[in-house]
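Take a look at the structure set out below.
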Amino acid sequence: MLQKSGSKVSDRVRLFLFDFDQTLSVVHVFKSLAGWPKQQDTSILPIPKPYASSEWGQVVRLDQLNKESFLEDGGFLSVAFGGPERIRQVRDMLEALKSQGSEIVICTKGLVGPVRLALDRLEMLPFFSQIYGHIGET
């Protein structure tokens, strides 16, 4: 999948940078947790109040939503990442990059805490060497 003309991707590229919202996830997790109006942005999952915009608030709310909402679809994170099949595909891609010796980093405008929690819950966190983003309040 990641090979072309007999060479490995890592023969050409050693560092891969990913955004979190709408790159790894299929929706904008930060905006969803912060309660941005859905009519202004179709990439937002509608969630019930309370909303959260601080790092700790988003970590707590994300954990709560994942246990209590969208359960018929595997939980909030499953829906936010496009379902079990897409999660498997993303994990397989990250594993292939890592196995070729690539460094994988996230650079996000969002908050680091919720990103780390989401990736941990989805068993993707070990693939990333660093997560760069906001800390505290946005």
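Following the order of the structure tokens, chains are lettered A, B, ..., residues in each are numbered from 1, and ligands are numbered from 1.
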Selection near Ala118 (chain A), 10 Å with only C-alpha atoms, sequence-local residues under 6 positions removed, as number ranges by chain:
A: 20, 25, 29, 59, 62-63, 66, 76-78, 80-81, 124-125
Would you give me, as a ChimeraX atom specification, the residues in chain A that DSSP reads as alpha helix (DSSP H)?
/A:29-34,55-68,76-80,84-99,112-121
As an exercise, work out the distance from CA of Glu55 (chain A) to CA of Leu111 (chain A) in Å and give it to one decimal place.
5.8 Å
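Using only C-alpha atoms for every distance, the candidate list A:Ile104, A:Leu97, A:Ala34, A:Val60 yields A:Val60 as the residue closest to Leu117 (chain A).
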Expected answer as a PyMOL selection string: strand (DSSP E or B) residues in chain A:
chain A and resi 4+7+15-18+103-111+130-134
